[in-house]
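This is final.cif (mmCIF, C-alpha atoms).
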```cif
data_model
loop_
_atom_site.label_atom_id
_atom_site.label_comp_id
_atom_site.auth_asym_id
_atom_site.auth_seq_id
_atom_site.Cartn_x
_atom_site.Cartn_y
_atom_site.Cartn_z
CA MET A 1 61.85 -290.23 -112.28
CA PHE A 2 58.65 -292.07 -111.49
CA ASN A 3 60.41 -294.23 -108.83
CA LYS A 4 61.93 -291.20 -107.09
CA LYS A 5 58.53 -289.50 -106.83
CA ASP A 6 57.01 -292.73 -105.51
CA LYS A 7 59.68 -292.99 -102.81
CA LYS A 8 59.17 -289.38 -101.74
CA GLY A 9 55.43 -290.00 -101.49
CA GLN A 10 56.00 -293.09 -99.39
CA ILE A 11 58.32 -291.20 -97.02
CA GLY A 12 55.73 -288.42 -96.68
CA GLU A 13 52.97 -290.89 -95.89
CA THR A 14 55.14 -292.74 -93.35
CA ILE A 15 55.98 -289.48 -91.56
CA THR A 16 52.26 -288.62 -91.41
CA TRP A 17 51.49 -291.98 -89.81
CA VAL A 18 54.36 -291.71 -87.33
CA VAL A 19 53.19 -288.25 -86.23
CA ALA A 20 49.57 -289.48 -86.01
CA THR A 21 50.69 -292.44 -83.86
CA ILE A 22 52.62 -290.16 -81.51
CA ILE A 23 49.58 -287.87 -81.15
CA ILE A 24 47.27 -290.84 -80.43
CA ILE A 25 49.64 -292.22 -77.79
CA VAL A 26 50.09 -288.81 -76.13
CA ILE A 27 46.30 -288.29 -75.95
CA LEU A 28 45.88 -291.76 -74.44
CA LEU A 29 48.62 -291.20 -71.87
CA VAL A 30 47.13 -287.87 -70.81
CA SER A 31 43.67 -289.44 -70.47
CA ILE A 32 45.06 -292.31 -68.40
CA PHE A 33 46.96 -289.90 -66.17
CA VAL A 34 43.88 -287.73 -65.60
CA SER A 35 41.56 -290.65 -64.89
CA THR A 36 43.93 -292.38 -62.46
CA SER A 37 45.42 -289.50 -60.54
CA TYR A 38 42.90 -286.65 -60.66
CA ILE A 39 39.46 -288.25 -60.86
CA GLY A 40 40.39 -291.51 -59.15
CA GLY A 41 41.99 -289.74 -56.21
CA SER A 42 38.98 -287.58 -55.47
CA LYS A 43 36.30 -290.23 -55.16
CA LYS A 44 35.26 -288.98 -51.79
CA ALA A 45 31.54 -288.90 -51.18
CA THR A 46 30.84 -285.48 -49.75
CA PHE A 47 27.36 -284.24 -49.06
CA SER A 48 26.51 -280.64 -49.69
CA LYS A 49 25.76 -279.17 -46.30
CA GLN A 50 22.65 -277.04 -46.21
CA THR A 51 22.65 -276.78 -42.46
CA ASP A 52 25.04 -277.37 -39.60
CA ILE A 53 23.17 -279.11 -36.82
CA LEU A 54 25.81 -278.40 -34.16
CA ALA A 55 26.08 -274.69 -35.02
CA SER A 56 22.30 -274.48 -35.05
CA LYS A 57 22.12 -276.03 -31.56
CA SER A 58 24.80 -273.60 -30.36
CA LEU A 59 22.82 -270.66 -31.74
CA PHE A 60 19.67 -271.76 -29.90
CA ALA A 61 21.59 -272.18 -26.63
CA TYR A 62 23.31 -268.82 -27.21
CA LEU A 63 19.94 -267.05 -27.49
CA LEU A 64 18.71 -268.77 -24.33
CA THR A 65 21.76 -267.79 -22.24
CA GLU A 66 20.86 -265.41 -19.43
CA ASP A 67 22.59 -262.20 -18.41
CA GLU A 68 21.20 -260.33 -15.41
CA GLY A 69 17.86 -262.07 -15.68
CA ASN A 70 17.37 -261.41 -19.38
CA THR A 71 18.18 -263.86 -22.15
CA VAL A 72 20.32 -262.88 -25.12
CA TYR A 73 17.17 -263.35 -27.20
CA GLY A 74 15.40 -260.80 -24.96
CA GLN A 75 18.29 -258.34 -25.19
CA LEU A 76 18.39 -258.48 -28.98
CA LYS A 77 14.63 -258.30 -29.27
CA GLU A 78 14.48 -255.02 -27.41
CA ASP A 79 14.45 -251.80 -29.36
CA GLY A 80 17.96 -250.49 -29.75
CA GLY A 81 19.32 -254.04 -29.62
CA GLU A 82 20.48 -253.91 -33.25
CA ASN A 83 24.09 -254.23 -32.22
CA LEU A 84 25.57 -256.85 -29.96
CA ASN A 85 26.52 -255.63 -26.50
CA GLU A 86 29.62 -256.56 -24.50
CA PHE A 87 28.07 -259.64 -22.93
CA ASN A 88 26.37 -261.22 -25.92
CA GLY A 89 29.08 -260.06 -28.34
CA ASN A 90 31.90 -261.68 -26.41
CA LEU A 91 29.81 -264.79 -25.78
CA ALA A 92 29.10 -265.09 -29.52
CA LEU A 93 32.80 -264.71 -30.30
CA LYS A 94 33.72 -267.40 -27.79
CA ILE A 95 31.14 -269.84 -29.10
CA PHE A 96 31.16 -269.36 -32.84
CA LYS A 97 34.74 -268.27 -33.56
CA GLU A 98 36.33 -270.81 -31.23
CA PHE A 99 34.15 -273.79 -32.06
CA TYR A 100 33.68 -273.33 -35.81
CA LYS A 101 36.76 -271.48 -37.08
CA LYS A 102 38.32 -274.78 -38.17
CA ASP A 103 35.27 -275.85 -40.21
CA TYR A 104 34.52 -272.42 -41.66
CA PRO A 105 37.85 -270.66 -42.14
CA HIS A 106 36.59 -268.13 -44.67
CA ALA A 107 33.99 -266.30 -42.58
CA ILE A 108 31.82 -266.56 -39.50
CA TRP A 109 29.36 -263.72 -39.29
CA LEU A 110 26.63 -263.01 -36.75
CA VAL A 111 24.41 -260.02 -37.30
CA VAL A 112 21.11 -258.61 -36.06
CA TYR A 113 19.16 -256.94 -38.81
CA SER A 114 15.81 -255.56 -39.83
CA LYS A 115 14.17 -256.41 -43.11
CA PRO A 116 14.25 -255.44 -45.88
CA HIS A 117 17.76 -253.97 -46.09
CA ASP A 118 18.97 -252.72 -42.75
CA LEU A 119 22.10 -254.84 -42.20
CA ASN A 120 24.05 -253.52 -39.24
CA THR A 121 27.59 -254.70 -38.85
CA ASN A 122 28.93 -254.88 -35.32
CA ALA A 123 32.33 -254.62 -33.67
CA TYR A 124 32.46 -258.33 -32.86
CA PHE A 125 31.77 -259.61 -36.36
CA PRO A 126 32.81 -256.70 -38.58
CA LYS A 127 33.55 -258.57 -41.78
CA PRO A 128 30.62 -259.99 -43.75
CA PRO A 129 31.48 -262.90 -46.05
CA VAL A 130 32.44 -261.82 -49.55
CA CYS A 131 30.63 -264.66 -51.23
CA GLY A 132 27.33 -266.40 -50.75
CA ARG A 133 28.54 -270.00 -50.55
CA GLY A 134 27.84 -270.90 -46.97
CA ILE A 135 25.35 -272.01 -44.40
CA SER A 136 22.90 -269.51 -43.01
CA GLU A 137 20.78 -269.83 -39.92
CA GLU A 138 18.18 -267.13 -39.42
CA ILE A 139 15.91 -266.70 -36.41
CA GLU A 140 13.10 -264.17 -36.17
CA LEU A 141 13.41 -261.99 -33.06
CA LYS A 142 10.26 -260.00 -33.69
CA GLU A 143 8.38 -258.70 -36.70
CA ASN A 144 10.91 -257.80 -39.40
CA LYS A 145 13.85 -258.22 -37.03
CA TYR A 146 16.16 -261.18 -37.33
CA ILE A 147 19.43 -262.64 -36.15
CA LEU A 148 21.51 -264.21 -38.89
CA LEU A 149 24.45 -266.56 -38.50
CA THR A 150 26.46 -267.19 -41.65
CA LEU A 151 29.20 -269.81 -41.82
CA THR A 152 31.32 -269.86 -44.96
CA PRO A 153 33.93 -272.59 -45.49
CA THR A 154 35.45 -271.34 -48.76
CA CYS A 155 34.66 -268.90 -51.50
CA MET B 156 55.00 -302.56 -108.21
CA ILE B 157 51.65 -304.18 -107.45
CA LEU B 158 53.39 -306.61 -105.07
CA LYS B 159 54.98 -303.74 -103.16
CA ASN B 160 51.58 -302.01 -102.86
CA LYS B 161 50.00 -305.19 -101.46
CA LYS B 162 52.77 -305.46 -98.86
CA ALA B 163 52.27 -301.82 -97.86
CA ASN B 164 48.49 -302.36 -97.51
CA LYS B 165 49.14 -305.37 -95.27
CA MET B 166 51.47 -303.28 -93.10
CA ILE B 167 48.84 -300.56 -92.71
CA SER B 168 46.21 -303.12 -91.74
CA VAL B 169 48.50 -304.53 -89.03
CA TYR B 170 49.26 -300.99 -87.90
CA TRP B 171 45.52 -300.19 -87.68
CA PHE B 172 44.86 -303.30 -85.64
CA ALA B 173 47.69 -302.36 -83.27
CA ILE B 174 46.33 -298.82 -82.81
CA LEU B 175 42.81 -300.16 -82.32
CA PHE B 176 44.07 -302.57 -79.68
CA ILE B 177 46.08 -299.87 -77.86
CA VAL B 178 43.10 -297.47 -77.80
CA ALA B 179 40.71 -300.19 -76.58
CA ALA B 180 43.16 -301.29 -73.88
CA ALA B 181 43.61 -297.69 -72.72
CA ILE B 182 39.84 -297.13 -72.49
CA VAL B 183 39.39 -300.37 -70.52
CA TYR B 184 42.25 -299.39 -68.19
CA MET B 185 40.76 -295.92 -67.61
CA ALA B 186 37.30 -297.33 -66.90
CA ILE B 187 38.71 -299.89 -64.45
CA SER B 188 40.89 -297.37 -62.66
CA PHE B 189 37.99 -294.92 -62.29
CA TYR B 190 35.06 -297.21 -61.51
CA GLY B 191 37.21 -299.78 -59.69
CA GLU B 192 38.04 -297.32 -56.92
CA PRO B 193 35.38 -297.33 -54.22
CA TYR B 194 33.64 -294.20 -52.97
CA ASP B 195 34.96 -293.08 -49.61
CA ILE B 196 31.89 -292.34 -47.52
CA ARG B 197 33.56 -292.42 -44.11
CA GLU B 198 33.57 -288.66 -43.65
CA ALA B 199 29.85 -288.48 -44.40
CA GLU B 200 29.33 -291.37 -41.98
CA ALA B 201 31.30 -289.58 -39.24
CA TYR B 202 29.20 -286.42 -39.76
CA ALA B 203 26.00 -288.44 -39.56
CA LEU B 204 27.18 -290.11 -36.35
CA THR B 205 28.14 -286.75 -34.80
CA ASN B 206 24.78 -285.21 -35.72
CA LYS B 207 22.93 -288.21 -34.32
CA VAL B 208 24.82 -288.00 -31.01
CA ALA B 209 24.29 -284.21 -30.77
CA GLY B 210 20.59 -284.68 -31.47
CA CYS B 211 20.41 -287.24 -28.70
CA LEU B 212 22.13 -285.00 -26.15
CA SER B 213 20.43 -281.69 -26.69
CA GLU B 214 17.14 -280.34 -27.91
CA ALA B 215 16.40 -276.70 -28.77
CA GLY B 216 19.52 -275.48 -27.00
CA TYR B 217 18.96 -277.39 -23.75
CA LEU B 218 20.70 -280.57 -22.63
CA LYS B 219 18.20 -283.35 -22.12
CA GLU B 220 17.68 -284.36 -18.51
CA GLY B 221 19.97 -286.98 -17.01
CA MET B 222 22.71 -286.59 -19.63
CA LEU B 223 25.42 -286.36 -17.00
CA SER B 224 24.25 -289.28 -14.90
CA ALA B 225 26.14 -292.56 -14.59
CA ASP B 226 23.01 -294.37 -15.69
CA PHE B 227 22.97 -292.51 -19.01
CA ARG B 228 26.69 -293.21 -19.51
CA GLU B 229 26.05 -296.92 -19.03
CA ASN B 230 23.08 -297.07 -21.38
CA PHE B 231 24.28 -294.48 -23.88
CA MET B 232 23.97 -296.76 -26.91
CA GLU B 233 20.39 -297.75 -26.13
CA GLU B 234 19.36 -294.23 -25.07
CA CYS B 235 20.69 -292.72 -28.28
CA LYS B 236 19.55 -295.67 -30.41
CA LEU B 237 23.04 -296.31 -31.75
CA ASN B 238 24.29 -299.62 -33.07
CA PHE B 239 27.96 -300.18 -33.97
CA GLU B 240 27.42 -303.63 -35.48
CA VAL B 241 29.02 -304.21 -38.87
CA GLU B 242 28.89 -306.89 -41.55
CA ASP B 243 31.15 -309.89 -41.06
CA VAL B 244 33.83 -309.08 -43.65
CA HIS B 245 37.56 -308.28 -43.44
CA ASN B 246 37.55 -309.44 -39.79
CA TRP B 247 35.42 -306.42 -38.83
CA ARG B 248 33.59 -308.32 -36.13
CA GLU B 249 36.86 -308.84 -34.24
CA GLN B 250 37.91 -305.23 -34.45
CA GLU B 251 35.14 -302.66 -33.95
CA GLN B 252 34.97 -300.06 -36.71
CA TYR B 253 33.51 -297.12 -34.79
CA TYR B 254 34.38 -295.00 -31.81
CA VAL B 255 32.52 -292.15 -30.15
CA GLU B 256 33.81 -290.01 -27.32
CA ILE B 257 31.79 -287.22 -25.74
CA ASN B 258 33.31 -284.75 -23.30
CA PHE B 259 31.23 -282.34 -21.28
CA TYR B 260 33.05 -279.21 -20.08
CA ASN B 261 31.99 -276.30 -17.94
CA PHE B 262 31.88 -273.54 -20.57
CA LEU B 263 33.17 -270.85 -18.21
CA THR B 264 35.97 -272.73 -16.46
CA THR B 265 36.71 -275.40 -19.15
CA GLU B 266 36.75 -277.98 -16.34
CA GLU B 267 35.77 -281.46 -17.54
CA ILE B 268 32.50 -282.62 -15.99
CA SER B 269 31.79 -285.94 -17.61
CA GLU B 270 32.79 -288.18 -20.51
CA ILE B 271 31.29 -291.01 -22.46
CA LYS B 272 33.36 -293.47 -24.51
CA LYS B 273 31.89 -296.15 -26.72
CA GLY B 274 33.37 -298.38 -29.42
CA ASN B 275 36.96 -299.22 -30.29
CA GLU B 276 39.16 -296.81 -28.35
CA ALA B 277 42.32 -298.05 -30.10
CA LEU B 278 41.22 -296.18 -33.24
CA LYS B 279 41.88 -292.89 -31.44
CA MET B 280 45.64 -293.38 -31.74
CA ASP B 281 45.43 -293.21 -35.55
CA CYS B 282 43.77 -289.78 -35.54
CA GLU B 283 47.16 -288.10 -35.41
CA LEU B 284 48.19 -289.80 -38.64
CA LYS B 285 47.31 -288.46 -42.06
CA GLY B 286 46.46 -290.64 -45.05
CA LYS B 287 43.65 -292.41 -46.82
CA THR B 288 44.34 -295.73 -45.13
CA PHE B 289 43.82 -294.40 -41.62
CA PRO B 290 40.44 -294.00 -39.91
CA VAL B 291 38.48 -290.80 -40.45
CA CYS B 292 38.26 -288.71 -37.29
CA LEU B 293 35.81 -285.88 -36.81
CA ASN B 294 36.07 -283.66 -33.77
CA ARG B 295 33.30 -281.09 -33.32
CA SER B 296 31.92 -278.97 -30.50
CA PHE B 297 28.71 -277.27 -29.58
CA TYR B 298 27.34 -275.07 -26.84
CA ALA B 299 24.39 -276.03 -24.64
CA LEU B 300 22.59 -275.12 -21.45
CA ASP B 301 20.88 -277.22 -18.87
CA LYS B 302 17.52 -276.37 -17.31
CA GLU B 303 19.32 -274.45 -14.53
CA LYS B 304 20.94 -272.33 -17.27
CA LYS B 305 24.41 -273.74 -16.59
CA GLN B 306 26.62 -273.41 -19.66
CA TYR B 307 28.37 -276.38 -21.23
CA GLN B 308 30.80 -277.05 -24.04
CA ILE B 309 30.27 -280.48 -25.51
CA ASP B 310 32.96 -282.07 -27.67
CA ILE B 311 32.09 -285.04 -29.84
CA LEU B 312 34.82 -287.17 -31.40
CA SER B 313 33.54 -289.61 -34.02
CA ILE B 314 35.84 -292.13 -35.66
CA VAL B 315 35.01 -294.44 -38.55
CA ARG B 316 37.56 -297.03 -39.69
CA LYS B 317 36.17 -299.25 -42.49
CA THR B 318 39.25 -298.63 -44.62
CA ASP B 319 38.98 -302.01 -46.32
CA LYS B 320 35.76 -301.10 -48.11
CA ASN B 321 36.23 -297.37 -48.68
CA VAL B 322 39.84 -297.20 -49.79
CA GLN B 323 41.83 -299.48 -52.07
#
```

Write out the structure in this file as structure tokens.
Amino acid sequence: MFNKKDKKGQIGETITWVVATIIIIVILLVSIFVSTSYIGGSKKATFSKQTDILASKSLFAYLLTEDEGNTVYGQLKEDGGENLNEFNGNLALKIFKEFYKKDYPHAIWLVVYSKPHDLNTNAYFPKPPVCGRGISEEIELKENKYILLTLTPTC
Amino acid sequence: MILKNKKANKMISVYWFAILFIVAAAIVYMAISFYGEPYDIREAEAYALTNKVAGCLSEAGYLKEGMLSADFRENFMEECKLNFEVEDVHNWREQEQYYVEINFYNFLTTEEISEIKKGNEALKMDCELKGKTFPVCLNRSFYALDKEKKQYQIDILSIVRKTDKNVQ
């Protein structure tokens, strides 16, 4: 009677240890898999971009481009220049959408606006980005009037 | 009965040592596999090179004077204060690790006006191939004007090899 109980106890204890061993090994294997494949594979040093120097240079040159003796900067600065016209709208599309679409697939948005909250969308860049994770370049045209270029890689 | 118990205790001690050893070995393996892999900084390096070249070519939207001259093409490295020298490891001195190519196009007609090539041009062939062990290629463009308000598209291709140190 005593021996039988002892044997049962021993079997129970052995099963507990076997299960514990299996759990330990599974946890170790998962950890090894994660560290080698997931973390190890992504050791790429990326720097968080706060500004895009090339896009910034393009924006400056865009504003300095002349159309019928007036620069794009001058056109947008004028009263009533809240929306892009045919010349500067198409030029902006050609520069920013063609050059930077690959780097910023989520959204490229160029808008002229007045502070505090007068954001005018335009026919050339109708869709504002749906999230705020991007690079913004803002240039003052005149008091409380700005041009804003937003480049968003992903959301 | 006491003998049996002693045997069982011995078994458990051996078992504990085995588990301890397995756990320690796994931790060591994980640490080596994580920290042993080098950081790949080639993309950041290619971006830095592109930005440096763009900064040398244009300022506040305008191309700097003489950018399209043969003289500038010849002395591009000195003019832009670039240096492609690398440390003498993995035979790097025999095979240059960088390449920069700049193409100037007429923005309106897309006609090529001028080009500058510096570094190891052979690296360009590997740009088509995908994989960690191939050089990192970065192709970017920007828009600029000259003082006569002529419009240009400038393409900069920067390539960094250095696979031996950045990838295992």

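Minimum distance to A:Asp67 across B:Lys304, B:Ala209, B:Val244, B:Ile167 (counting only C-alpha atoms) occurs at B:Lys304.
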
Quiz prompt | Proximal residues of chain A relative to chain B (only C-alpha atoms; 10 Å) as a ChimeraX atom specification | solution = /A:3,10,17,21,24-25,27-29,31-47,52-66,94-96,98-100,102-103

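Atom pair atom CA of A:Leu93 / atom CA of A:Ala107 has a distance of 12.4 Å (rounded to one decimal).
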
Practice problem: Name all residues at most 7 Å from B:Lys273 (count all atoms listed in the file; drop same-chain ones fewer than 2 positions away) and give them as a PyMOL selection string. | Solution: chain B and resi 254-256+271+275

Quiz item: Closest to B:Lys236 among B:Met166, B:Cys282, B:Leu204, B:Cys292, using only C-alpha atoms?
Solution: B:Leu204
